[in-house]
file target08.cif (mmCIF, C-alpha atoms)
data_input
#
loop_
_atom_site.label_atom_id
_atom_site.label_comp_id
_atom_site.auth_asym_id
_atom_site.auth_seq_id
_atom_site.Cartn_x
_atom_site.Cartn_y
_atom_site.Cartn_z
CA MET L 1 -1.01 -19.03 -23.99
CA ALA L 2 -4.27 -19.13 -22.06
CA LYS L 3 -4.86 -15.93 -20.14
CA ILE L 4 -4.32 -16.14 -16.40
CA TRP L 5 -6.93 -14.00 -14.68
CA VAL L 6 -5.92 -12.47 -11.35
CA ASN L 7 -6.77 -9.79 -8.81
CA SER L 8 -4.11 -7.21 -8.00
CA ALA L 9 -3.44 -6.11 -4.41
CA ASP L 10 -1.35 -3.12 -5.50
CA SER L 11 -1.82 -0.44 -8.13
CA HIS L 12 -1.91 3.35 -8.33
CA VAL L 13 -4.14 6.00 -9.83
CA LEU L 14 -2.87 9.43 -10.86
CA GLU L 15 -4.96 12.28 -9.53
CA PRO L 16 -5.64 15.31 -11.78
CA HIS L 17 -3.31 18.29 -11.44
CA ASP L 18 -6.16 20.56 -10.40
CA LEU L 19 -7.75 18.26 -7.80
CA TRP L 20 -6.71 20.28 -4.73
CA ARG L 21 -6.78 23.64 -6.47
CA ASP L 22 -10.49 23.17 -7.16
CA ALA L 23 -11.44 21.33 -3.96
CA LEU L 24 -9.68 23.39 -1.28
CA PRO L 25 -9.69 27.05 -0.23
CA LYS L 26 -6.82 29.00 -1.75
CA ARG L 27 -4.84 29.24 1.50
CA LEU L 28 -4.60 25.43 1.47
CA ALA L 29 -4.66 24.77 -2.25
CA ASP L 30 -1.49 26.80 -2.78
CA ARG L 31 0.35 24.40 -0.46
CA ALA L 32 -1.21 21.17 -1.72
CA PRO L 33 0.79 18.76 -3.92
CA ARG L 34 1.40 20.05 -7.42
CA ALA L 35 3.78 19.35 -10.28
CA GLU L 36 5.36 21.81 -12.71
CA ARG L 37 7.31 21.05 -15.87
CA ALA L 38 10.25 23.06 -17.17
CA ASP L 39 13.72 22.48 -18.60
CA GLY L 40 13.06 18.81 -19.27
CA ARG L 41 12.14 18.02 -15.67
CA GLU L 42 9.00 17.63 -13.61
CA THR L 43 9.24 19.21 -10.17
CA VAL L 44 6.88 18.17 -7.38
CA TYR L 45 6.05 20.76 -4.72
CA VAL L 46 4.40 20.01 -1.37
CA ASP L 47 3.76 22.86 1.03
CA GLY L 48 6.23 25.07 -0.81
CA GLN L 49 9.03 22.52 -0.68
CA ILE L 50 10.59 20.70 -3.62
CA ILE L 51 10.04 17.01 -2.95
CA ARG L 52 11.49 15.57 -6.15
CA ARG L 53 12.70 16.54 -9.59
CA ASP L 54 12.48 13.86 -12.25
CA PRO L 55 13.20 13.81 -15.98
CA ILE L 56 9.95 14.23 -17.85
CA ALA L 57 10.63 11.02 -19.75
CA PHE L 58 10.76 9.13 -16.44
CA SER L 59 7.49 10.65 -15.24
CA ASP L 60 5.73 9.97 -18.52
CA ALA L 61 6.87 6.35 -18.50
CA MET L 62 4.61 5.78 -15.49
CA ARG L 63 1.61 7.51 -17.04
CA PRO L 64 -0.12 5.45 -19.68
CA PRO L 65 -3.57 6.92 -20.39
CA GLY L 66 -5.19 4.43 -18.03
CA ALA L 67 -3.29 5.88 -15.08
CA GLU L 68 -5.49 8.98 -15.26
CA ASP L 69 -8.63 7.71 -16.99
CA PRO L 70 -10.34 4.77 -15.22
CA ARG L 71 -12.37 3.86 -18.30
CA ILE L 72 -9.22 3.40 -20.36
CA ARG L 73 -7.75 1.64 -17.32
CA LEU L 74 -10.48 -1.00 -17.51
CA GLU L 75 -9.37 -1.75 -21.07
CA ASP L 76 -5.81 -2.18 -19.81
CA LEU L 77 -7.00 -4.50 -17.04
CA ASP L 78 -8.96 -6.65 -19.47
CA GLU L 79 -6.02 -6.88 -21.85
CA GLN L 80 -3.60 -7.70 -19.03
CA GLY L 81 -5.85 -10.25 -17.32
CA VAL L 82 -6.42 -8.28 -14.12
CA TRP L 83 -9.99 -8.35 -12.81
CA ALA L 84 -10.16 -6.34 -9.58
CA GLU L 85 -7.38 -4.17 -8.18
CA VAL L 86 -6.58 -2.23 -5.05
CA VAL L 87 -5.98 1.39 -6.06
CA PHE L 88 -3.54 3.50 -4.04
CA PRO L 89 -3.12 7.23 -4.73
CA SER L 90 -0.07 8.87 -6.26
CA ARG L 91 0.08 12.58 -5.44
CA ALA L 92 -2.03 12.09 -2.30
CA LEU L 93 0.73 9.89 -0.89
CA TRP L 94 2.53 13.15 -0.17
CA THR L 95 0.03 13.94 2.59
CA THR L 96 2.12 11.63 4.75
CA ILE L 97 5.12 13.99 4.78
CA MET L 98 3.15 17.15 5.57
CA THR L 99 3.58 18.84 8.95
CA ASP L 100 0.40 20.95 8.91
CA ARG L 101 -2.53 19.06 10.45
CA GLU L 102 -5.25 20.93 8.57
CA LEU L 103 -3.47 20.69 5.22
CA ALA L 104 -2.91 16.95 5.56
CA ARG L 105 -6.48 16.31 6.72
CA GLU L 106 -8.16 18.35 3.99
CA CYS L 107 -5.93 17.06 1.18
CA GLY L 108 -6.75 13.51 2.24
CA LYS L 109 -10.47 14.18 2.37
CA ALA L 110 -10.42 15.80 -1.08
CA TYR L 111 -8.61 12.81 -2.52
CA ASN L 112 -11.02 10.35 -0.91
CA ASP L 113 -14.05 12.20 -2.30
CA TRP L 114 -12.49 12.31 -5.77
CA CYS L 115 -11.48 8.63 -5.77
CA LEU L 116 -14.90 7.54 -4.55
CA SER L 117 -16.66 9.42 -7.33
CA GLU L 118 -14.25 9.33 -10.26
CA VAL L 119 -12.55 5.94 -9.80
CA MET L 120 -14.60 3.63 -7.59
CA GLY L 121 -17.77 5.09 -9.08
CA VAL L 122 -16.73 3.89 -12.54
CA SER L 123 -16.50 0.20 -11.63
CA PRO L 124 -16.66 -2.06 -8.55
CA ARG L 125 -13.46 -3.64 -9.88
CA PHE L 126 -11.58 -0.67 -8.36
CA VAL L 127 -11.00 -1.07 -4.61
CA GLY L 128 -10.01 2.38 -3.43
CA VAL L 129 -7.77 2.88 -0.39
CA ALA L 130 -8.80 5.85 1.75
CA VAL L 131 -6.14 8.31 2.92
CA VAL L 132 -6.23 9.15 6.64
CA SER L 133 -4.15 11.60 8.66
CA VAL L 134 -0.81 10.54 10.13
CA LEU L 135 -0.54 13.73 12.21
CA ASP L 136 -3.64 13.52 14.38
CA THR L 137 -5.36 10.33 15.48
CA ASP L 138 -8.74 11.97 16.01
CA ASP L 139 -8.65 13.21 12.41
CA ALA L 140 -7.66 9.74 11.22
CA VAL L 141 -10.50 8.04 13.13
CA ALA L 142 -13.05 10.55 11.84
CA GLU L 143 -11.94 10.09 8.24
CA LEU L 144 -11.87 6.30 8.57
CA ALA L 145 -15.49 6.39 9.75
CA ARG L 146 -16.47 8.73 6.91
CA ALA L 147 -14.68 6.56 4.35
CA VAL L 148 -16.24 3.32 5.58
CA SER L 149 -19.72 4.81 5.49
CA ALA L 150 -19.08 5.97 1.92
CA GLY L 151 -18.07 2.50 0.76
CA TYR L 152 -14.31 2.22 1.17
CA ARG L 153 -12.96 -1.24 1.99
CA ALA L 154 -9.38 -0.31 2.95
CA VAL L 155 -7.38 2.57 4.41
CA PHE L 156 -3.80 3.64 3.78
CA LEU L 157 -0.97 4.45 6.16
CA PRO L 158 2.68 5.07 5.24
CA ALA L 159 5.34 2.50 6.00
CA THR L 160 7.32 5.18 7.86
CA PRO L 161 5.30 7.28 10.36
CA PRO L 162 6.14 10.84 11.42
CA GLU L 163 8.78 11.35 14.09
CA GLY L 164 7.35 10.69 17.54
CA ARG L 165 4.41 8.66 16.19
CA ASP L 166 5.91 5.19 15.73
CA PHE L 167 3.30 2.51 15.28
CA ASN L 168 3.98 1.03 18.72
CA ASN L 169 3.05 4.40 20.25
CA GLU L 170 -0.21 4.46 22.20
CA VAL L 171 -1.33 7.59 20.32
CA TRP L 172 -2.51 5.26 17.52
CA GLU L 173 -4.71 3.09 19.74
CA PRO L 174 -8.04 4.75 18.78
CA LEU L 175 -7.31 4.13 15.10
CA TRP L 176 -6.51 0.44 15.61
CA ALA L 177 -9.71 0.08 17.61
CA ALA L 178 -11.77 1.87 14.96
CA ALA L 179 -10.32 -0.20 12.10
CA ALA L 180 -10.94 -3.44 14.01
CA GLU L 181 -14.53 -2.45 14.79
CA ALA L 182 -15.16 -1.50 11.16
CA ASP L 183 -13.48 -4.73 9.99
CA ILE L 184 -11.41 -2.76 7.50
CA PRO L 185 -7.80 -3.66 6.60
CA ILE L 186 -4.97 -1.15 6.98
CA CYS L 187 -2.65 -1.07 3.98
CA PHE L 188 0.92 0.11 4.47
CA HIS L 189 2.63 0.92 1.18
CA ILE L 190 6.42 0.82 1.05
CA GLY L 191 8.37 3.92 0.06
CA THR L 192 5.90 6.26 1.74
CA GLY L 193 5.97 8.49 4.77
CA ALA L 194 8.72 10.29 6.64
CA GLU L 195 11.96 11.17 4.90
CA GLN L 196 13.44 8.15 3.16
CA LYS L 197 17.11 7.19 3.42
CA VAL L 198 18.87 7.84 0.12
CA ALA L 199 22.12 6.22 -0.97
CA ARG L 200 24.52 8.11 -3.24
CA GLY L 201 27.30 6.75 -5.38
CA PRO L 202 27.86 3.29 -6.89
CA GLY L 203 24.82 1.06 -6.74
CA GLY L 204 22.53 3.83 -5.55
CA ALA L 205 19.57 2.91 -7.76
CA VAL L 206 19.45 -0.68 -6.54
CA ILE L 207 20.32 0.20 -2.93
CA ASN L 208 17.53 2.76 -2.74
CA TYR L 209 15.01 0.32 -4.18
CA VAL L 210 15.99 -2.31 -1.60
CA GLU L 211 15.87 0.25 1.23
CA THR L 212 12.15 0.77 0.69
CA PHE L 213 11.14 -2.59 2.14
CA TYR L 214 12.98 -2.28 5.46
CA PRO L 215 10.22 -0.09 6.95
CA ALA L 216 7.74 -2.89 6.19
CA GLN L 217 9.66 -5.17 8.55
CA ARG L 218 9.79 -2.44 11.18
CA THR L 219 6.05 -1.78 10.95
CA ILE L 220 5.16 -5.45 11.36
CA ALA L 221 7.55 -5.76 14.31
CA HIS L 222 6.04 -2.70 16.01
CA LEU L 223 2.44 -3.82 15.57
CA VAL L 224 3.13 -7.37 16.74
CA ALA L 225 5.59 -6.81 19.59
CA SER L 226 3.61 -3.92 21.10
CA GLY L 227 0.52 -6.12 21.29
CA VAL L 228 -1.63 -4.19 18.79
CA LEU L 229 -2.53 -7.19 16.65
CA ASP L 230 -2.87 -9.40 19.71
CA ARG L 231 -5.41 -6.99 21.23
CA TYR L 232 -7.33 -6.83 17.95
CA PRO L 233 -7.20 -10.36 16.51
CA GLY L 234 -9.58 -9.42 13.71
CA LEU L 235 -7.43 -6.53 12.48
CA ARG L 236 -5.66 -7.32 9.21
CA ILE L 237 -2.70 -5.40 7.86
CA VAL L 238 -1.30 -5.46 4.33
CA MET L 239 2.27 -4.66 3.32
CA ALA L 240 1.89 -3.53 -0.28
CA GLU L 241 4.76 -4.01 -2.73
CA SER L 242 7.09 -5.21 0.01
CA GLY L 243 7.56 -8.72 -1.28
CA ALA L 244 6.61 -11.61 0.97
CA THR L 245 9.71 -13.75 1.41
CA PHE L 246 11.00 -11.78 4.39
CA VAL L 247 7.86 -12.39 6.47
CA PRO L 248 8.64 -15.94 7.71
CA ALA L 249 12.22 -14.91 8.55
CA LEU L 250 10.91 -11.94 10.53
CA ALA L 251 8.43 -14.21 12.32
CA ASP L 252 11.24 -16.60 13.29
CA ARG L 253 13.40 -13.75 14.54
CA MET L 254 10.57 -12.33 16.64
CA ASP L 255 9.77 -15.74 18.12
CA GLU L 256 13.42 -16.12 19.08
CA ALA L 257 13.51 -12.71 20.74
CA TYR L 258 10.24 -13.34 22.56
CA ARG L 259 11.46 -16.72 23.83
CA GLN L 260 15.13 -16.03 24.59
CA HIS L 261 14.62 -12.55 26.07
CA ASP L 262 11.46 -13.44 27.96
CA MET L 263 12.55 -11.62 31.13
CA PHE L 264 12.63 -8.32 29.25
CA VAL L 265 9.53 -8.72 27.08
CA ARG L 266 6.65 -6.30 27.69
CA PRO L 267 3.81 -6.71 26.97
CA LYS L 268 3.27 -10.45 27.18
CA LEU L 269 1.31 -11.76 24.21
CA SER L 270 -1.39 -14.42 24.17
CA ARG L 271 0.18 -15.99 21.06
CA ARG L 272 3.66 -16.36 19.66
CA PRO L 273 4.64 -13.50 17.34
CA SER L 274 4.75 -15.91 14.41
CA GLU L 275 1.16 -17.02 15.06
CA ILE L 276 0.00 -13.41 15.01
CA ILE L 277 1.93 -12.66 11.81
CA TYR L 278 0.71 -15.77 10.00
CA SER L 279 -2.91 -15.01 10.84
CA GLN L 280 -3.14 -11.21 10.47
CA VAL L 281 -0.34 -9.96 8.21
CA TYR L 282 -0.56 -10.05 4.39
CA ALA L 283 2.14 -9.04 1.90
CA SER L 284 2.12 -8.42 -1.84
CA PHE L 285 4.75 -8.92 -4.53
CA GLN L 286 4.90 -8.52 -8.28
CA HIS L 287 7.97 -10.31 -9.73
CA ASP L 288 9.52 -12.40 -6.95
CA PRO L 289 9.63 -16.17 -7.59
CA SER L 290 10.70 -16.60 -3.96
CA ALA L 291 7.32 -15.34 -2.79
CA ILE L 292 5.69 -18.47 -4.17
CA GLY L 293 8.07 -20.64 -2.17
CA THR L 294 7.12 -18.62 0.88
CA ALA L 295 3.51 -19.71 0.46
CA THR L 296 4.45 -23.37 0.00
CA ALA L 297 7.76 -24.43 1.56
CA LEU L 298 7.64 -21.89 4.39
CA GLY L 299 3.92 -22.06 5.06
CA PHE L 300 3.16 -18.31 5.01
CA ARG L 301 -0.10 -18.36 3.09
CA ASN L 302 -1.04 -14.67 3.24
CA VAL L 303 0.76 -13.84 0.01
CA MET L 304 -0.92 -11.67 -2.61
CA TRP L 305 0.13 -10.73 -6.11
CA GLY L 306 0.01 -7.12 -7.35
CA SER L 307 0.76 -5.52 -10.69
CA ASP L 308 1.89 -2.12 -9.31
CA TYR L 309 0.24 -0.58 -12.39
CA PRO L 310 1.46 1.76 -13.86
CA HIS L 311 4.88 2.04 -12.16
CA LEU L 312 8.16 1.04 -13.79
CA GLU L 313 8.78 -1.73 -11.25
CA GLY L 314 5.35 -3.14 -12.05
CA THR L 315 4.32 -5.71 -14.65
CA PHE L 316 2.41 -3.53 -17.16
CA PRO L 317 2.34 -4.01 -20.16
CA ASN L 318 3.82 -7.51 -19.75
CA THR L 319 1.56 -8.88 -17.03
CA GLN L 320 0.64 -12.13 -18.75
CA LYS L 321 4.27 -12.90 -19.50
CA VAL L 322 5.16 -12.34 -15.85
CA LEU L 323 2.22 -14.39 -14.58
CA HIS L 324 3.05 -17.35 -16.80
CA GLU L 325 6.70 -17.25 -15.77
CA LEU L 326 5.67 -17.22 -12.12
CA PHE L 327 2.76 -19.66 -12.08
CA ASP L 328 2.85 -22.09 -15.01
CA ASP L 329 4.55 -24.77 -12.91
CA VAL L 330 2.77 -23.94 -9.66
CA ALA L 331 0.02 -26.11 -8.19
CA GLN L 332 -3.44 -24.80 -8.99
CA ASP L 333 -4.44 -24.34 -5.35
CA VAL L 334 -1.31 -22.29 -4.61
CA ARG L 335 -1.82 -20.16 -7.70
CA ARG L 336 -5.41 -19.47 -6.78
CA ARG L 337 -4.51 -18.68 -3.17
CA ILE L 338 -1.98 -16.04 -4.23
CA THR L 339 -3.83 -14.51 -7.17
CA ILE L 340 -7.47 -14.66 -6.02
CA ASP L 341 -8.33 -16.03 -2.58
CA CYS L 342 -6.08 -13.84 -0.40
CA PHE L 343 -7.44 -10.77 -2.15
CA ASN L 344 -10.99 -11.96 -1.49
CA GLU L 345 -10.25 -12.56 2.18
CA VAL L 346 -8.96 -9.06 2.72
CA PHE L 347 -10.92 -6.86 0.33
CA GLY L 348 -14.09 -8.79 -0.43
CA VAL L 349 -15.01 -11.24 -3.13
CA ALA L 350 -13.99 -10.21 -6.63
CA GLU L 351 -14.22 -13.26 -8.83
CA PRO L 352 -12.58 -13.03 -12.28
CA PRO L 353 -14.64 -14.04 -15.31
CA VAL L 354 -12.51 -17.18 -15.73
CA THR L 355 -11.56 -19.43 -12.81
CA VAL L 356 -7.81 -19.64 -12.45
#
call {"tool": "encode", "arguments": {"input": "target08.cif", "output": "structure tokens"}}
result
Amino acid sequence: MAKIWVNSADSHVLEPHDLWRDALPKRLADRAPRAERADGRETVYVDGQIIRRDPIAFSDAMRPPGAEDPRIRLEDLDEQGVWAEVVFPSRALWTTIMTDRELARECGKAYNDWCLSEVMGVSPRFVGVAVVSVLDTDDAVAELARAVSAGYRAVFLPATPPEGRDFNNEVWEPLWAAAAEADIPICFHIGTGAEQKVARGPGGAVINYVETFYPAQRTIAHLVASGVLDRYPGLRIVMAESGATFVPALADRMDEAYRQHDMFVRPKLSRRPSEIIYSQVYASFQHDPSAIGTATALGFRNVMWGSDYPHLEGTFPNTQKVLHELFDDVAQDVRRRITIDCFNEVFGVAEPPVTV
């Protein structure tokens, strides 16, 4: 089969164990994310708390050599047919559950410096996503400005914000304004942020996986209904790994609420919610055939593909098999829109060596 070349809107890099130990003063480094292995399990600690305990075999399954070494990663990308990719952190995602402002701020800055030098510095094919504080808006705005000046083209926020800081809360306004002025997209990755709901018992593994995309719907609803995206029509947001099929249904539901409950709606928007969503919201998927129908039959064109390298729910090492199953019978313009053009719109032009 001919190789299908694509750009990926979702992947992850694994930071070194000693990143924060070496970058931060000891009083902070001792509370930064770290992992320890014993008794067949890997235990992740953040600020003295146990965040998760996984079988070592599970952890290792998500750590091919390219997860930690960007030069080996480039070989994986070439073999898999991925040209450019958006790179989210792994351990630095835990900054979003911290409660100490200084710890969260400094851990994020250390990650951003490391990613800029050791990942983005290796190849322009890596589009790093800068970590900014979820605890203090002034810190977030300052780090966004620092990241943009250093060369970052995207910033990360969790799908679930801290208690009392929902995304329709005015405390975030300076960050939305700063991101719009810098013309930098905000990427919300599912499964991140405040404590996640966990199902126990029969079906738990599937239920918990499904639960992760509900916050994506909530975030879009908050940013649209509260007027954030209406006030900043150039601001683009990306829902990474959420799938895309739910977006038109959410847009319909919001239009219905806006129309049928007009007497209660505050603020009034200059456009219908669906118009705002279809112009400023992007969503990525990896396996879902329904996402392609979303971009054709339902008319939501801001659909991006992502490999989610190197996670188990991703496509590595079978990316070409997945891409052919998804796109072999899809019109060329639709394929290109999903695999190349949306990525270029949001993150800048990254043209693969072979036109798809």
call {"tool": "residues_around", "arguments": {"input": "target08.cif", "residues": "region 217-228 of chain L", "least_positions_apart": "4", "cutoff": "8 Å", "atoms": "only C-alpha atoms", "output": "ChimeraX atom specification"}}
result
/L:159-160,166-168,173,176,213,232,246-247,250,254,266-269,273,276-277,281
call {"tool": "residues_near_point", "arguments": {"input": "target08.cif", "point": "(-6.4, 9.1, 1.2)", "cutoff": "8 Å", "atoms": "all atoms listed in the file", "output": "ChimeraX atom specification"}}
result
/L:89,92-93,107-109,111-112,129-132,155-156
call {"tool": "write_last_selection", "arguments": {"input": "target08.cif", "atoms": "C-alpha atoms", "output": "CSV table (one decimal), in the coordinates of the input"}}
result
chain,number,residue,atom,x,y,z
L,89,PRO,CA,-3.1,7.2,-4.7
L,92,ALA,CA,-2.0,12.1,-2.3
L,93,LEU,CA,0.7,9.9,-0.9
L,107,CYS,CA,-5.9,17.1,1.2
L,108,GLY,CA,-6.8,13.5,2.2
L,109,LYS,CA,-10.5,14.2,2.4
L,111,TYR,CA,-8.6,12.8,-2.5
L,112,ASN,CA,-11.0,10.4,-0.9
L,129,VAL,CA,-7.8,2.9,-0.4
L,130,ALA,CA,-8.8,5.8,1.8
L,131,VAL,CA,-6.1,8.3,2.9
L,132,VAL,CA,-6.2,9.2,6.6
L,155,VAL,CA,-7.4,2.6,4.4
L,156,PHE,CA,-3.8,3.6,3.8
call {"tool": "residues_around", "arguments": {"input": "target08.cif", "residues": "Thr192 (chain L)", "least_positions_apart": "6", "cutoff": "12 Å", "atoms": "only C-alpha atoms", "output": "JSON, numbers by chain"}}
result
{"L": [88, 89, 90, 91, 92, 93, 94, 95, 96, 97, 98, 134, 156, 157, 158, 159, 160, 161, 162, 211, 212, 213, 214, 215, 216, 239, 240, 241, 242]}
call {"tool": "write_last_selection", "arguments": {"input": "target08.cif", "atoms": "C-alpha atoms", "output": "mmCIF file, in the frame of the given file"}}
result
data_model
loop_
_atom_site.group_PDB
_atom_site.id
_atom_site.type_symbol
_atom_site.label_atom_id
_atom_site.label_comp_id
_atom_site.auth_asym_id
_atom_site.auth_seq_id
_atom_site.Cartn_x
_atom_site.Cartn_y
_atom_site.Cartn_z
ATOM 1 C CA PHE L 88 -3.540 3.500 -4.040
ATOM 2 C CA PRO L 89 -3.120 7.230 -4.730
ATOM 3 C CA SER L 90 -0.070 8.870 -6.260
ATOM 4 C CA ARG L 91 0.080 12.580 -5.440
ATOM 5 C CA ALA L 92 -2.030 12.090 -2.300
ATOM 6 C CA LEU L 93 0.730 9.890 -0.890
ATOM 7 C CA TRP L 94 2.530 13.150 -0.170
ATOM 8 C CA THR L 95 0.030 13.940 2.590
ATOM 9 C CA THR L 96 2.120 11.630 4.750
ATOM 10 C CA ILE L 97 5.120 13.990 4.780
ATOM 11 C CA MET L 98 3.150 17.150 5.570
ATOM 12 C CA VAL L 134 -0.810 10.540 10.130
ATOM 13 C CA PHE L 156 -3.800 3.640 3.780
ATOM 14 C CA LEU L 157 -0.970 4.450 6.160
ATOM 15 C CA PRO L 158 2.680 5.070 5.240
ATOM 16 C CA ALA L 159 5.340 2.500 6.000
ATOM 17 C CA THR L 160 7.320 5.180 7.860
ATOM 18 C CA PRO L 161 5.300 7.280 10.360
ATOM 19 C CA PRO L 162 6.140 10.840 11.420
ATOM 20 C CA GLU L 211 15.870 0.250 1.230
ATOM 21 C CA THR L 212 12.150 0.770 0.690
ATOM 22 C CA PHE L 213 11.140 -2.590 2.140
ATOM 23 C CA TYR L 214 12.980 -2.280 5.460
ATOM 24 C CA PRO L 215 10.220 -0.090 6.950
ATOM 25 C CA ALA L 216 7.740 -2.890 6.190
ATOM 26 C CA MET L 239 2.270 -4.660 3.320
ATOM 27 C CA ALA L 240 1.890 -3.530 -0.280
ATOM 28 C CA GLU L 241 4.760 -4.010 -2.730
ATOM 29 C CA SER L 242 7.090 -5.210 0.010
#
call {"tool": "atom_distance", "arguments": {"input": "target08.cif", "atom1": "CA of Ser123 (chain L)", "atom2": "CA of Ala140 (chain L)"}}
result
26.3 Å
call {"tool": "closest_residue", "arguments": {"input": "target08.cif", "among": "L:Arg253, L:Asn302, L:Gly293, L:Gln260", "to": "Arg236 (chain L)", "atoms": "all atoms listed in the file"}}
result
L:Asn302
call {"tool": "closest_residue", "arguments": {"input": "target08.cif", "among": "L:Gly128, L:Gly164, L:Pro202, L:Gly191", "to": "Val148 (chain L)", "atoms": "all atoms listed in the file"}}
result
L:Gly128
call {"tool": "residues_around", "arguments": {"input": "target08.cif", "residues": "Pro310 (chain L)", "least_positions_apart": "3", "cutoff": "7 Å", "atoms": "only C-alpha atoms", "output": "list of chain:residue names"}}
result
L:Ser11, L:His12, L:Met62, L:Arg63, L:Ala67, L:Gly314, L:Phe316
call {"tool": "write_last_selection", "arguments": {"input": "target08.cif", "atoms": "C-alpha atoms", "output": "JSON list (two decimals), in the coordinates of the input"}}
result
[["chain", "number", "residue", "atom", "x", "y", "z"],
["L", 11, "SER", "CA", -1.82, -0.44, -8.13],
["L", 12, "HIS", "CA", -1.91, 3.35, -8.33],
["L", 62, "MET", "CA", 4.61, 5.78, -15.49],
["L", 63, "ARG", "CA", 1.61, 7.51, -17.04],
["L", 67, "ALA", "CA", -3.29, 5.88, -15.08],
["L", 314, "GLY", "CA", 5.35, -3.14, -12.05],
["L", 316, "PHE", "CA", 2.41, -3.53, -17.16]]
call {"tool": "closest_residue", "arguments": {"input": "target08.cif", "among": "L:Thr99, L:Glu15, L:Val210, L:Asp22", "to": "Gly48 (chain L)", "atoms": "all atoms listed in the file"}}
result
L:Thr99
call {"tool": "closest_residue", "arguments": {"input": "target08.cif", "among": "L:Glu79, L:Glu345, L:Asp288, L:Asp10", "to": "Glu325 (chain L)", "atoms": "only C-alpha atoms"}}
result
L:Asp288
call {"tool": "closest_residue", "arguments": {"input": "target08.cif", "among": "L:Asp100, L:Glu170, L:Asp47, L:Asp333", "to": "Asp30 (chain L)", "atoms": "only C-alpha atoms"}}
result
L:Asp47
call {"tool": "atom_distance", "arguments": {"input": "target08.cif", "atom1": "CA of Val141 (chain L)", "atom2": "CA of Val86 (chain L)"}}
result
21.2 Å
call {"tool": "atom_distance", "arguments": {"input": "target08.cif", "atom1": "CA of Leu116 (chain L)", "atom2": "CA of Leu14 (chain L)"}}
result
13.7 Å
call {"tool": "closest_residue", "arguments": {"input": "target08.cif", "among": "L:Val6, L:Ala38, L:Val322, L:Leu298", "to": "Ala84 (chain L)", "atoms": "only C-alpha atoms"}}
result
L:Val6
call {"tool": "residues_around", "arguments": {"input": "target08.cif", "residues": "Val334 (chain L)", "least_positions_apart": "2", "cutoff": "12 Å", "atoms": "all atoms listed in the file", "output": "NGL selection string"}}
result
:L and (291-297 or 299-305 or 326-332 or 336-342 or 356)
call {"tool": "resolve_selection", "arguments": {"input": "target08.cif", "expression": "the PyMOL selection byres ((chain L and resi 46) around 7)", "output": "mmCIF file with C-alpha atoms, keeping the file's coordinate frame"}}
result
data_model
loop_
_atom_site.group_PDB
_atom_site.id
_atom_site.type_symbol
_atom_site.label_atom_id
_atom_site.label_comp_id
_atom_site.auth_asym_id
_atom_site.auth_seq_id
_atom_site.Cartn_x
_atom_site.Cartn_y
_atom_site.Cartn_z
ATOM 1 C CA ARG L 31 0.350 24.400 -0.460
ATOM 2 C CA ALA L 32 -1.210 21.170 -1.720
ATOM 3 C CA PRO L 33 0.790 18.760 -3.920
ATOM 4 C CA ARG L 34 1.400 20.050 -7.420
ATOM 5 C CA VAL L 44 6.880 18.170 -7.380
ATOM 6 C CA TYR L 45 6.050 20.760 -4.720
ATOM 7 C CA ASP L 47 3.760 22.860 1.030
ATOM 8 C CA GLY L 48 6.230 25.070 -0.810
ATOM 9 C CA GLN L 49 9.030 22.520 -0.680
ATOM 10 C CA ILE L 50 10.590 20.700 -3.620
ATOM 11 C CA ILE L 51 10.040 17.010 -2.950
#
